[in-house]
$ cat start-v4.cif   # mmCIF, C-alpha atoms
data_my_file
#
loop_
_atom_site.label_atom_id
_atom_site.label_comp_id
_atom_site.auth_asym_id
_atom_site.auth_seq_id
_atom_site.Cartn_x
_atom_site.Cartn_y
_atom_site.Cartn_z
CA MET A 26 -12.07 77.80 46.39
CA LYS A 27 -10.92 74.48 44.94
CA GLU A 28 -12.46 73.68 41.57
CA ALA A 29 -14.74 70.66 41.39
CA PRO A 30 -13.27 67.78 39.37
CA MET A 31 -14.45 67.42 35.79
CA ARG A 32 -16.81 64.60 34.84
CA LEU A 33 -15.47 62.82 31.77
CA TRP A 34 -17.70 60.49 29.77
CA LEU A 35 -15.96 57.76 27.77
CA LYS A 36 -18.80 57.63 25.31
CA ASP A 37 -20.29 54.74 23.34
CA PRO A 38 -17.36 52.31 23.01
CA ILE A 39 -17.49 49.24 20.79
CA ALA A 40 -17.48 47.11 23.95
CA VAL A 41 -16.55 47.31 27.63
CA LEU A 42 -15.41 44.45 29.87
CA ALA A 43 -18.10 45.22 32.45
CA GLU A 44 -21.79 44.63 32.97
CA GLY A 45 -24.10 47.59 32.33
CA ALA A 46 -21.56 49.88 30.64
CA GLU A 47 -22.61 49.50 27.03
CA ARG A 48 -22.80 53.29 26.54
CA GLY A 49 -19.62 53.92 28.44
CA ILE A 50 -18.10 55.08 31.70
CA VAL A 51 -18.14 58.36 33.60
CA VAL A 52 -14.96 59.34 35.45
CA GLU A 53 -14.57 62.05 38.07
CA GLY A 54 -11.63 62.75 40.38
CA GLY A 55 -9.74 59.69 39.20
CA ARG A 56 -12.58 57.28 39.98
CA ILE A 57 -15.41 55.60 38.14
CA VAL A 58 -18.61 57.35 39.20
CA GLU A 59 -21.15 55.94 36.74
CA LEU A 60 -21.63 53.12 34.26
CA VAL A 61 -23.94 54.05 31.39
CA GLY A 62 -26.04 51.10 30.29
CA ALA A 63 -27.60 50.25 26.96
CA GLY A 64 -30.42 52.61 26.08
CA ALA A 65 -29.60 54.98 28.94
CA PRO A 66 -29.78 58.74 28.31
CA ASP A 67 -26.62 60.76 28.17
CA PRO A 68 -25.17 61.07 31.68
CA VAL A 69 -24.31 64.33 33.40
CA HIS A 70 -20.82 65.22 32.17
CA ASP A 71 -18.45 68.11 31.50
CA THR A 72 -16.33 66.61 28.74
CA VAL A 73 -16.55 63.68 26.35
CA PHE A 74 -14.07 61.25 24.91
CA ASP A 75 -15.57 59.61 21.83
CA ALA A 76 -14.76 55.92 22.33
CA ALA A 77 -16.57 54.73 19.19
CA ARG A 78 -13.35 53.10 17.89
CA HIS A 79 -12.38 51.49 21.18
CA VAL A 80 -12.80 48.34 23.24
CA ILE A 81 -12.29 49.19 26.91
CA LEU A 82 -10.68 46.82 29.41
CA PRO A 83 -9.75 47.39 33.04
CA GLY A 84 -6.10 48.35 33.25
CA LEU A 85 -3.99 45.19 33.23
CA VAL A 86 -1.99 44.34 36.36
CA ASN A 87 1.41 42.66 36.03
CA THR A 88 2.37 40.77 39.19
CA HIS A 89 5.79 39.34 38.41
CA HIS A 90 8.68 40.79 36.46
CA HIS A 91 12.42 41.46 36.63
CA PHE A 92 12.83 44.85 34.99
CA PHE A 93 16.63 44.69 34.84
CA GLN A 94 16.44 41.69 32.52
CA THR A 95 15.39 43.84 29.56
CA LEU A 96 19.17 44.26 29.14
CA THR A 97 19.71 40.55 28.40
CA ARG A 98 16.89 39.55 26.09
CA ALA A 99 17.61 36.63 23.75
CA HIS A 100 21.15 36.48 25.13
CA PRO A 101 23.33 34.10 23.11
CA ALA A 102 24.67 32.41 26.24
CA ALA A 103 21.20 31.74 27.65
CA ILE A 104 18.89 30.81 24.79
CA ASN A 105 17.72 27.19 24.50
CA LYS A 106 18.32 26.47 28.20
CA GLU A 107 16.14 25.49 31.14
CA LEU A 108 16.01 27.59 34.32
CA PHE A 109 19.09 26.56 36.31
CA PRO A 110 21.51 26.52 33.31
CA TRP A 111 19.90 29.78 32.15
CA LEU A 112 20.52 31.38 35.54
CA LYS A 113 24.09 30.14 35.65
CA ALA A 114 24.72 31.69 32.23
CA LEU A 115 23.26 35.09 33.13
CA TYR A 116 24.05 35.67 36.80
CA PRO A 117 27.76 36.33 36.16
CA ARG A 118 26.83 38.91 33.52
CA TRP A 119 24.37 40.63 35.81
CA GLY A 120 26.97 40.62 38.55
CA SER A 121 29.65 42.02 36.22
CA TYR A 122 27.83 44.67 34.23
CA LEU A 123 24.71 45.87 36.04
CA ASN A 124 25.05 49.40 37.43
CA ARG A 125 22.67 52.21 38.34
CA ASP A 126 22.64 53.94 34.95
CA ARG A 127 21.97 50.71 33.07
CA PHE A 128 19.45 49.65 35.69
CA ARG A 129 17.50 52.89 35.34
CA LEU A 130 17.28 52.44 31.58
CA ALA A 131 16.19 48.83 32.03
CA VAL A 132 13.42 49.88 34.41
CA ARG A 133 12.31 52.68 32.09
CA ALA A 134 12.16 50.33 29.12
CA ALA A 135 10.23 47.63 30.99
CA LEU A 136 7.66 50.03 32.43
CA THR A 137 7.17 51.82 29.12
CA GLU A 138 6.65 48.56 27.27
CA LEU A 139 4.17 47.38 29.89
CA LEU A 140 2.27 50.66 29.76
CA MET A 141 1.98 50.53 25.97
CA SER A 142 0.51 47.02 26.23
CA GLY A 143 -2.33 48.24 28.47
CA CYS A 144 -0.71 47.64 31.87
CA THR A 145 -1.57 50.25 34.50
CA THR A 146 -0.09 48.62 37.62
CA ALA A 147 3.19 46.71 37.63
CA SER A 148 5.10 44.73 40.23
CA ASP A 149 8.79 44.06 39.81
CA HIS A 150 10.47 41.27 41.75
CA LEU A 151 13.63 43.23 42.56
CA PHE A 152 16.48 41.33 44.20
CA VAL A 153 19.63 42.71 42.54
CA PHE A 154 21.41 45.52 44.38
CA PRO A 155 24.91 46.07 42.97
CA ALA A 156 27.25 48.23 45.04
CA ASP A 157 26.41 51.53 43.36
CA MET A 158 22.61 51.16 43.57
CA PRO A 159 21.49 50.51 47.15
CA ASP A 160 18.55 52.78 46.25
CA ALA A 161 17.31 50.53 43.45
CA VAL A 162 13.77 50.53 44.86
CA ASP A 163 13.76 54.34 44.78
CA ILE A 164 14.86 54.31 41.14
CA GLU A 165 11.88 52.11 40.27
CA ALA A 166 9.51 54.39 42.18
CA GLU A 167 10.89 57.42 40.34
CA GLU A 168 10.54 55.82 36.91
CA ALA A 169 6.97 54.68 37.60
CA ALA A 170 6.08 58.20 38.75
CA ARG A 171 7.52 59.67 35.53
CA LEU A 172 5.11 57.52 33.53
CA GLY A 173 2.19 57.98 35.92
CA MET A 174 1.95 54.23 36.57
CA ARG A 175 0.98 52.47 39.76
CA ILE A 176 3.71 50.19 41.06
CA ALA A 177 3.81 47.41 43.62
CA LEU A 178 7.43 47.78 44.70
CA THR A 179 9.24 44.82 46.21
CA ARG A 180 12.34 44.88 48.35
CA GLY A 181 13.96 41.54 47.60
CA VAL A 182 17.31 39.97 48.28
CA ILE A 183 19.65 37.16 47.36
CA ASN A 184 22.04 36.22 50.15
CA MET A 185 23.02 32.66 49.32
CA GLY A 186 25.40 32.54 46.36
CA THR A 187 27.48 29.88 44.67
CA LYS A 188 29.87 29.57 47.65
CA SER A 189 26.92 28.57 49.83
CA GLY A 190 25.45 26.12 47.37
CA GLY A 191 23.11 28.55 45.60
CA VAL A 192 23.13 29.66 41.97
CA ALA A 193 23.45 33.47 42.30
CA ASP A 194 26.56 35.57 41.68
CA GLU A 195 28.44 36.40 44.88
CA ARG A 196 28.80 40.04 43.81
CA LEU A 197 25.05 40.50 44.24
CA MET A 198 24.99 39.34 47.88
CA GLN A 199 23.99 41.79 50.61
CA ASP A 200 24.46 41.89 54.36
CA ASP A 201 21.35 40.71 56.21
CA ASP A 202 21.19 43.64 58.60
CA ALA A 203 21.55 46.16 55.76
CA VAL A 204 18.76 44.42 53.86
CA LEU A 205 16.38 44.38 56.79
CA ALA A 206 17.08 48.03 57.59
CA ASP A 207 16.35 48.96 53.99
CA CYS A 208 13.13 46.93 54.06
CA GLU A 209 11.99 49.11 56.98
CA ARG A 210 13.01 52.27 55.11
CA VAL A 211 11.25 51.29 51.89
CA ILE A 212 8.04 50.31 53.68
CA GLY A 213 8.04 53.57 55.60
CA ARG A 214 8.53 55.65 52.48
CA TYR A 215 6.43 53.88 49.85
CA HIS A 216 3.87 51.51 51.39
CA ASP A 217 0.62 53.41 50.93
CA ARG A 218 -2.38 51.43 52.15
CA SER A 219 -4.94 54.03 51.06
CA ASP A 220 -7.49 53.63 48.29
CA GLY A 221 -6.00 54.80 44.99
CA ALA A 222 -2.39 54.40 46.12
CA MET A 223 0.27 54.84 43.46
CA THR A 224 2.89 52.83 45.40
CA THR A 225 2.68 49.80 47.66
CA VAL A 226 5.45 47.56 48.99
CA ALA A 227 5.95 43.83 49.38
CA LEU A 228 8.97 41.99 50.78
CA ALA A 229 10.37 39.53 48.28
CA PRO A 230 13.34 37.27 49.06
CA CYS A 231 14.18 35.73 45.71
CA ALA A 232 13.80 31.96 46.04
CA PRO A 233 14.61 29.00 48.33
CA PHE A 234 17.74 28.24 46.29
CA ASN A 235 19.38 31.64 46.87
CA VAL A 236 17.99 33.02 50.16
CA THR A 237 18.72 31.84 53.68
CA ARG A 238 16.12 30.51 56.09
CA ARG A 239 16.90 33.42 58.46
CA MET A 240 16.03 35.95 55.77
CA MET A 241 12.78 34.20 54.86
CA CYS A 242 11.70 34.19 58.52
CA ALA A 243 12.72 37.82 59.05
CA ALA A 244 10.74 38.93 55.98
CA ALA A 245 7.64 37.14 57.26
CA ASP A 246 7.98 38.89 60.63
CA LEU A 247 8.38 42.32 58.99
CA ALA A 248 5.38 41.75 56.72
CA GLU A 249 3.24 40.95 59.75
CA LYS A 250 4.57 44.01 61.60
CA HIS A 251 3.92 46.44 58.75
CA ASP A 252 0.85 44.83 57.13
CA CYS A 253 2.44 44.29 53.73
CA ARG A 254 2.57 41.38 51.35
CA LEU A 255 5.20 38.73 50.63
CA HIS A 256 6.43 37.44 47.29
CA THR A 257 8.90 34.81 46.12
CA HIS A 258 9.51 32.20 43.43
CA LEU A 259 8.22 28.73 44.22
CA GLY A 260 7.37 25.55 42.38
CA GLU A 261 8.91 26.71 39.10
CA THR A 262 10.96 23.62 38.15
CA GLU A 263 11.70 20.07 39.18
CA ASP A 264 15.29 21.22 39.82
CA GLU A 265 13.91 23.41 42.60
CA ASN A 266 12.13 20.41 44.11
CA ASP A 267 15.37 18.44 44.04
CA PHE A 268 17.30 21.34 45.60
CA CYS A 269 14.86 21.72 48.48
CA LEU A 270 14.75 17.98 49.14
CA SER A 271 18.55 17.82 49.15
CA ARG A 272 19.21 20.95 51.21
CA PHE A 273 16.20 21.12 53.54
CA GLY A 274 14.91 17.55 53.48
CA MET A 275 11.47 18.73 52.35
CA ARG A 276 9.58 19.88 49.29
CA PRO A 277 9.37 23.62 48.49
CA LEU A 278 5.87 24.15 49.91
CA ASP A 279 6.77 22.39 53.17
CA TYR A 280 9.82 24.65 53.40
CA LEU A 281 7.62 27.68 52.75
CA GLU A 282 5.35 26.68 55.63
CA SER A 283 8.34 26.09 57.92
CA VAL A 284 9.48 29.72 57.49
CA GLY A 285 6.04 31.21 58.16
CA TRP A 286 4.99 31.92 54.59
CA LEU A 287 1.86 29.82 54.14
CA ASN A 288 -0.78 32.54 54.52
CA GLU A 289 -2.91 35.02 52.60
CA ARG A 290 -0.19 37.71 52.55
CA VAL A 291 1.80 35.59 50.09
CA TRP A 292 1.80 35.39 46.34
CA LEU A 293 4.12 33.04 44.51
CA ALA A 294 5.64 33.28 41.07
CA HIS A 295 5.06 30.30 38.76
CA GLY A 296 3.58 27.65 41.10
CA ILE A 297 3.87 24.86 38.54
CA HIS A 298 5.08 21.75 40.36
CA PHE A 299 2.56 21.33 43.16
CA ASP A 300 0.84 18.03 43.77
CA ASP A 301 -2.87 17.71 44.60
CA GLY A 302 -2.35 17.90 48.33
CA GLU A 303 -0.18 20.99 48.02
CA ILE A 304 -2.75 22.72 45.83
CA ALA A 305 -5.39 22.02 48.48
CA ARG A 306 -3.13 23.60 51.13
CA LEU A 307 -2.48 26.68 48.98
CA GLY A 308 -6.20 27.13 48.50
CA ARG A 309 -6.99 26.61 52.17
CA HIS A 310 -4.56 29.40 53.10
CA ARG A 311 -5.66 31.68 50.23
CA VAL A 312 -2.14 31.93 48.83
CA GLY A 313 -1.82 33.68 45.45
CA VAL A 314 -0.06 32.31 42.39
CA CYS A 315 1.21 34.41 39.50
CA HIS A 316 0.99 32.41 36.29
CA CYS A 317 3.84 33.33 33.91
CA ALA A 318 2.81 31.38 30.82
CA THR A 319 5.31 32.79 28.33
CA SER A 320 8.40 32.42 30.49
CA ASN A 321 7.35 28.93 31.52
CA MET A 322 7.11 27.93 27.88
CA VAL A 323 10.43 29.57 26.92
CA LEU A 324 12.30 27.78 29.72
CA ALA A 325 10.26 24.57 29.33
CA SER A 326 9.42 24.72 33.03
CA GLY A 327 5.90 23.28 32.83
CA ILE A 328 2.29 24.48 32.99
CA CYS A 329 0.71 26.11 36.02
CA ARG A 330 -2.38 24.21 37.23
CA THR A 331 -4.57 27.30 37.19
CA LYS A 332 -7.95 25.58 37.23
CA GLU A 333 -7.13 23.30 40.17
CA LEU A 334 -5.61 26.21 42.10
CA GLU A 335 -8.73 28.35 41.66
CA ALA A 336 -11.03 25.47 42.49
CA ALA A 337 -9.09 24.97 45.73
CA GLY A 338 -9.46 28.64 46.69
CA ALA A 339 -6.06 30.02 45.68
CA ILE A 340 -5.90 33.34 43.82
CA VAL A 341 -4.52 33.29 40.26
CA GLY A 342 -3.04 36.29 38.48
CA LEU A 343 -0.68 36.88 35.58
CA GLY A 344 2.85 38.17 35.12
CA VAL A 345 5.22 38.49 32.20
CA ASP A 346 8.25 37.41 34.29
CA GLY A 347 11.69 38.76 33.42
CA SER A 348 12.36 40.09 29.97
CA ALA A 349 15.24 37.66 29.54
CA SER A 350 12.91 34.67 29.70
CA ASN A 351 9.78 36.08 28.08
CA ASP A 352 11.51 37.97 26.20
CA ALA A 353 9.02 40.83 26.27
CA SER A 354 7.16 43.03 28.76
CA ASN A 355 3.74 42.82 27.15
CA MET A 356 0.70 41.99 29.26
CA MET A 357 -1.74 41.54 26.38
CA GLU A 358 0.56 38.95 24.85
CA GLU A 359 0.70 37.28 28.27
CA VAL A 360 -3.09 37.10 28.36
CA ARG A 361 -3.15 35.35 24.99
CA HIS A 362 -0.41 32.90 25.94
CA ALA A 363 -2.17 32.11 29.23
CA LEU A 364 -5.31 31.30 27.28
CA MET A 365 -3.50 29.10 24.77
CA ILE A 366 -1.45 27.08 27.25
CA GLY A 367 -4.55 26.73 29.44
CA ARG A 368 -6.49 25.25 26.56
CA LEU A 369 -3.65 22.91 25.73
CA ARG A 370 -3.85 21.56 29.27
CA TYR A 371 -7.59 21.69 29.97
CA GLY A 372 -9.42 21.83 26.63
CA ALA A 373 -11.09 24.50 24.53
CA GLU A 374 -14.14 25.04 26.74
CA ALA A 375 -12.42 24.93 30.12
CA VAL A 376 -10.35 28.14 29.76
CA THR A 377 -11.91 31.12 28.01
CA HIS A 378 -10.64 34.53 26.98
CA LEU A 379 -12.65 35.93 29.88
CA ASP A 380 -10.76 33.70 32.31
CA ALA A 381 -7.42 34.94 30.99
CA LEU A 382 -8.53 38.57 31.16
CA ARG A 383 -9.86 38.06 34.69
CA TRP A 384 -6.49 36.68 35.78
CA ALA A 385 -4.76 39.75 34.31
CA THR A 386 -7.10 42.22 36.03
CA GLU A 387 -9.16 41.22 39.05
CA GLY A 388 -6.96 38.23 39.92
CA SER A 389 -3.69 40.12 39.61
CA ALA A 390 -5.04 43.04 41.62
CA ALA A 391 -5.89 40.66 44.45
CA LEU A 392 -2.36 39.21 44.38
CA VAL A 393 -0.84 42.60 45.16
CA GLY A 394 -3.46 43.31 47.79
CA ARG A 395 -5.62 45.77 45.85
CA SER A 396 -9.41 45.87 45.79
CA ASP A 397 -9.64 49.34 44.21
CA ILE A 398 -8.28 48.36 40.79
CA GLY A 399 -8.72 45.49 38.33
CA GLN A 400 -12.43 46.00 37.63
CA ILE A 401 -14.66 48.49 35.85
CA ALA A 402 -17.22 49.27 38.54
CA VAL A 403 -18.50 52.34 40.33
CA GLY A 404 -16.07 53.43 43.04
CA LYS A 405 -13.05 51.72 41.48
CA GLN A 406 -10.06 53.63 40.21
CA ALA A 407 -10.27 54.97 36.64
CA ASP A 408 -7.59 52.70 35.18
CA PHE A 409 -8.40 51.57 31.63
CA ALA A 410 -6.75 50.11 28.56
CA LEU A 411 -8.44 51.12 25.30
CA PHE A 412 -7.76 49.09 22.17
CA THR A 413 -8.86 49.70 18.60
CA LEU A 414 -9.76 47.00 16.10
CA ASP A 415 -8.40 48.90 13.10
CA GLU A 416 -5.55 46.56 12.23
CA LEU A 417 -5.95 43.90 9.56
CA ARG A 418 -5.51 41.19 12.21
CA PHE A 419 -8.98 42.09 13.58
CA SER A 420 -10.85 42.25 10.30
CA GLY A 421 -13.83 39.91 10.39
CA ALA A 422 -13.83 39.54 14.19
CA GLY A 423 -17.34 39.12 15.59
CA ASP A 424 -16.78 39.39 19.35
CA PRO A 425 -14.72 42.52 20.09
CA ILE A 426 -13.44 41.48 23.52
CA ALA A 427 -12.61 37.94 22.42
CA ALA A 428 -10.87 39.40 19.38
CA LEU A 429 -8.37 41.26 21.54
CA VAL A 430 -7.16 37.94 22.93
CA LEU A 431 -7.73 35.53 20.04
CA CYS A 432 -6.52 37.83 17.26
CA GLY A 433 -3.51 38.96 19.23
CA ALA A 434 -3.82 42.58 20.37
CA HIS A 435 -0.48 43.74 21.65
CA ALA A 436 -0.60 47.56 21.88
CA ALA A 437 -3.21 49.80 23.47
CA ASP A 438 -4.27 52.93 21.62
CA ARG A 439 -5.01 54.74 24.88
CA VAL A 440 -4.30 54.05 28.54
CA MET A 441 -5.82 55.93 31.47
CA ILE A 442 -4.48 55.74 35.04
CA ALA A 443 -6.21 57.49 37.93
CA GLY A 444 -8.29 59.43 35.41
CA GLU A 445 -5.28 60.75 33.45
CA TRP A 446 -4.31 59.75 29.91
CA ARG A 447 -0.88 58.11 29.99
CA VAL A 448 -0.91 56.67 26.46
CA GLU A 449 -2.41 58.57 23.54
CA GLY A 450 -2.42 57.34 19.95
CA GLY A 451 -0.35 54.33 20.99
CA ALA A 452 2.48 56.48 22.38
CA PRO A 453 3.31 56.99 26.08
CA VAL A 454 2.84 60.62 27.03
CA GLY A 455 6.14 62.48 27.47
CA VAL A 456 8.42 59.62 26.38
CA ASP A 457 10.91 59.88 23.51
CA LEU A 458 10.72 56.27 22.34
CA ALA A 459 13.48 56.58 19.76
CA ARG A 460 15.87 57.97 22.36
CA LEU A 461 14.91 55.30 24.90
CA ARG A 462 15.45 52.56 22.34
CA ALA A 463 18.88 53.93 21.41
CA GLU A 464 20.09 54.47 24.97
CA HIS A 465 18.76 51.17 26.25
CA GLY A 466 20.18 49.26 23.28
CA GLU A 467 23.59 50.82 23.82
CA ALA A 468 23.54 49.92 27.52
CA ALA A 469 22.62 46.32 26.71
CA LYS A 470 25.76 45.82 24.59
CA ALA A 471 27.88 45.59 27.71
CA PHE A 472 26.18 42.33 28.70
CA LEU A 473 27.32 40.57 25.50
CA ALA A 474 30.90 40.53 26.77
CA GLU A 475 32.29 37.58 28.72
CA PRO A 476 31.95 38.14 32.50
#

$ encode --input "start-v4.cif" --output "structure tokens"
Amino acid sequence: MKEAPMRLWLKDPIAVLAEGAERGIVVEGGRIVELVGAGAPDPVHDTVFDAARHVILPGLVNTHHHFFQTLTRAHPAAINKELFPWLKALYPRWGSYLNRDRFRLAVRAALTELLMSGCTTASDHLFVFPADMPDAVDIEAEEAARLGMRIALTRGVINMGTKSGGVADERLMQDDDAVLADCERVIGRYHDRSDGAMTTVALAPCAPFNVTRRMMCAAADLAEKHDCRLHTHLGETEDENDFCLSRFGMRPLDYLESVGWLNERVWLAHGIHFDDGEIARLGRHRVGVCHCATSNMVLASGICRTKELEAAGAIVGLGVDGSASNDASNMMEEVRHALMIGRLRYGAEAVTHLDALRWATEGSAALVGRSDIGQIAVGKQADFALFTLDELRFSGAGDPIAALVLCGAHAADRVMIAGEWRVEGGAPVGVDLARLRAEHGEAAKAFLAEP
């Protein structure tokens, strides 16, 4: 006879980002089965975790990243540049030096860093497939499974390089038919539509300036066929606007509509340079936008119009973007930066810490098509990030949840995913951090050479 799952009570935390959970949360079988309100008696439970030192958030959800870019952080050839010059400096290095061993270490480093920051579900916008790693998506799935993280895998592509007027390195191009066949394979193997899924799949051609119209249309058709989501970069810079006007005779959003991408399957990275009419269209079609505040500031790309997008009906989430333009993989830092840049644009009362946390949890979950994560509520998955307020930076803080954002929390003390502890005492379970740092740092040295 199969044993009944244990009921774990996360008991009496300092605070919980949920209504009616003042005395904690009961978890059973990887799900939330009870919220224990203020003054409630002890719930039925088998085991207890004393959360008296902890503030509990829903697990953070990262909806845009480029894991491989951990190998080129703060690269001397790319610092102090805007997006297109930055890309032109780094693409030849990625094309020259990225291979499967280095890629695996890059993925491992990015996921581990995200996990330690309180991230429980991550999406990587993967569009680099050097010759020796056609199974790059599988490598990401394997590394996420090692850490026990949920992952929204994307099968992306770049197929318009410098010879065709794009900005990507020709060595990273792939044959269209091979790409589309692999999209079918990846969807068949990893796209789990069930509640509590550990892997899902989206199709993610990189951007209008390095993907052909044929590929964008084919991806839209496949997404409709297999009921999966679509992801791409759009509206990141004025250079992109100029490129689309020159090449296609239309602005980026008009181009997106022309290839069948203006619908609720789609979430876009950045979404900065939309005018009022375009924002209304995005909202009408329930398109999602991943706000990447840190990267946008580093590359001086602009500020996403989060409030107008939400008011129009679009979905807003958060992402750290690539670790060569952030230059970190830390979701709690992203929450803080989203709050700060939002206040700079809209004022101190218009964007709150709760808005920024909502974007990183409920909003981000919606972007990747999940309704079972991103909230602390009965029936949702038991994905939590637990932070302490022991550091000096928090001394004197009156509101524990606000303090995590305003005082700059950056590392979770504990992280639970599907009811299992994946970070304990600030350390990811089963990971030799010193070894990872040494191996990853050694691999990154190759990218300092001239391409």

$ residues_around --input "start-v4.cif" --residues "Asp37 of chain A" --least-positions-apart "5" --cutoff "9 Å" --atoms "all atoms listed in the file" --output "list of chain:residue names"
A:Ala46, A:Glu47, A:Arg48, A:Gly49, A:Ile50, A:Val61, A:Asp75, A:Ala76, A:Ala77, A:Arg78, A:His79

$ closest_residue --input "start-v4.cif" --among "A:Gly433, A:Val403, A:Thr413, A:Asp301" --to "Met365 of chain A" --atoms "only C-alpha atoms"
A:Gly433

$ resolve_selection --input "start-v4.cif" --expression "the PyMOL selection byres ((chain A and resi 262) around 10)" --output "ChimeraX atom specification"
/A:107-109,259-261,263-267,295-298,321,324-327

$ atom_distance --input "start-v4.cif" --atom1 "atom CA of Met198 of chain A" --atom2 "atom CA of Pro117 of chain A"
12.4 Å

$ closest_residue --input "start-v4.cif" --among "A:Val162, A:Met322, A:Leu136, A:Leu307" --to "His90 of chain A" --atoms "only C-alpha atoms"
A:Leu136

$ closest_residue --input "start-v4.cif" --among "A:Val284, A:Ala147, A:Ala65, A:Ile183" --to "Tyr116 of chain A" --atoms "only C-alpha atoms"
A:Ile183

$ axis_aligned_box --input "start-v4.cif" --around "segment 49-68 of chain A" --padding-each-side "8 Å" --output "JSON"
{"center_x": -20.1, "center_y": 56.5, "center_z": 33.2, "size_x": 36.7, "size_y": 28.5, "size_z": 30.3}

$ atom_distance --input "start-v4.cif" --atom1 "atom CA of Asn355 of chain A" --atom2 "atom CA of Gly466 of chain A"
18.1 Å

$ atom_distance --input "start-v4.cif" --atom1 "atom CA of Ala452 of chain A" --atom2 "atom CA of Gly143 of chain A"
11.3 Å

$ residues_around --input "start-v4.cif" --residues "Gly190 of chain A" --least-positions-apart "5" --cutoff "9 Å" --atoms "only C-alpha atoms" --output "PyMOL selection string"
chain A and resi 185+234-235+272

$ write_last_selection --input "start-v4.cif" --atoms "C-alpha atoms" --output "PDB file, keeping the file's coordinate frame"
ATOM      1  CA  MET A 185      23.020  32.660  49.320  1.00  0.00           C
ATOM      2  CA  PHE A 234      17.740  28.240  46.290  1.00  0.00           C
ATOM      3  CA  ASN A 235      19.380  31.640  46.870  1.00  0.00           C
ATOM      4  CA  ARG A 272      19.210  20.950  51.210  1.00  0.00           C
TER       5      ARG A 272
END

$ residues_near_point --input "start-v4.cif" --point "(-2.5, 38.9, 29.3)" --cutoff "8 Å" --atoms "all atoms listed in the file" --output "number ranges by chain"
A: 85, 343-344, 355-363, 381-382, 384-385, 430

$ closest_residue --input "start-v4.cif" --among "A:Cys253, A:Met240, A:Leu364, A:Ala434" --to "Thr224 of chain A" --atoms "only C-alpha atoms"
A:Cys253

$ residues_near_point --input "start-v4.cif" --point "(-5.6, 57.0, 22.7)" --cutoff "10 Å" --atoms "only C-alpha atoms" --output "JSON, numbers by chain"
{"A": [74, 76, 78, 79, 410, 411, 412, 413, 437, 438, 439, 440, 441, 446, 447, 448, 449, 450, 451, 452, 453]}

$ write_last_selection --input "start-v4.cif" --atoms "C-alpha atoms" --output "compact mmCIF listing (two decimals), in the coordinates of the input"
# COMPACT_ATOMS: atom_id res chain seq x y z
CA PHE A 74 -14.07 61.25 24.91
CA ALA A 76 -14.76 55.92 22.33
CA ARG A 78 -13.35 53.10 17.89
CA HIS A 79 -12.38 51.49 21.18
CA ALA A 410 -6.75 50.11 28.56
CA LEU A 411 -8.44 51.12 25.30
CA PHE A 412 -7.76 49.09 22.17
CA THR A 413 -8.86 49.70 18.60
CA ALA A 437 -3.21 49.80 23.47
CA ASP A 438 -4.27 52.93 21.62
CA ARG A 439 -5.01 54.74 24.88
CA VAL A 440 -4.30 54.05 28.54
CA MET A 441 -5.82 55.93 31.47
CA TRP A 446 -4.31 59.75 29.91
CA ARG A 447 -0.88 58.11 29.99
CA VAL A 448 -0.91 56.67 26.46
CA GLU A 449 -2.41 58.57 23.54
CA GLY A 450 -2.42 57.34 19.95
CA GLY A 451 -0.35 54.33 20.99
CA ALA A 452 2.48 56.48 22.38
CA PRO A 453 3.31 56.99 26.08

$ resolve_selection --input "start-v4.cif" --expression "the PyMOL selection byres ((chain A and resi 419-424) around 12)" --output "PyMOL selection string"
chain A and resi 39-42+80+378-379+412-418+425-435

$ residues_around --input "start-v4.cif" --residues "Leu461 of chain A" --least-positions-apart "2" --cutoff "10 Å" --atoms "all atoms listed in the file" --output "list of chain:residue names"
A:Leu130, A:Ala131, A:Arg133, A:Ala134, A:Thr137, A:Val456, A:Asp457, A:Leu458, A:Ala459, A:Ala463, A:Glu464, A:His465, A:Gly466, A:Glu467

$ residues_around --input "start-v4.cif" --residues "Thr225 of chain A" --least-positions-apart "6" --cutoff "7 Å" --atoms "all atoms listed in the file" --output "PyMOL selection string"
chain A and resi 176-178+215-218

$ residues_around --input "start-v4.cif" --residues "Val236 of chain A" --least-positions-apart "2" --cutoff "9 Å" --atoms "only C-alpha atoms" --output "mmCIF file with C-alpha atoms, keeping the file's coordinate frame"
data_model
loop_
_atom_site.group_PDB
_atom_site.id
_atom_site.type_symbol
_atom_site.label_atom_id
_atom_site.label_comp_id
_atom_site.auth_asym_id
_atom_site.auth_seq_id
_atom_site.Cartn_x
_atom_site.Cartn_y
_atom_site.Cartn_z
ATOM 1 C CA VAL A 182 17.310 39.970 48.280
ATOM 2 C CA ILE A 183 19.650 37.160 47.360
ATOM 3 C CA ASN A 184 22.040 36.220 50.150
ATOM 4 C CA MET A 185 23.020 32.660 49.320
ATOM 5 C CA GLY A 186 25.400 32.540 46.360
ATOM 6 C CA GLY A 191 23.110 28.550 45.600
ATOM 7 C CA PRO A 230 13.340 37.270 49.060
ATOM 8 C CA CYS A 231 14.180 35.730 45.710
ATOM 9 C CA ALA A 232 13.800 31.960 46.040
ATOM 10 C CA PRO A 233 14.610 29.000 48.330
ATOM 11 C CA PHE A 234 17.740 28.240 46.290
ATOM 12 C CA ARG A 238 16.120 30.510 56.090
ATOM 13 C CA ARG A 239 16.900 33.420 58.460
ATOM 14 C CA MET A 240 16.030 35.950 55.770
ATOM 15 C CA MET A 241 12.780 34.200 54.860
#

$ resolve_selection --input "start-v4.cif" --expression "the PyMOL selection byres ((chain A and resi 397) around 10)" --output "JSON, numbers by chain"
{"A": [56, 219, 220, 221, 222, 387, 390, 391, 394, 395, 396, 398, 399, 400, 401, 402, 404, 405, 406, 407, 408]}
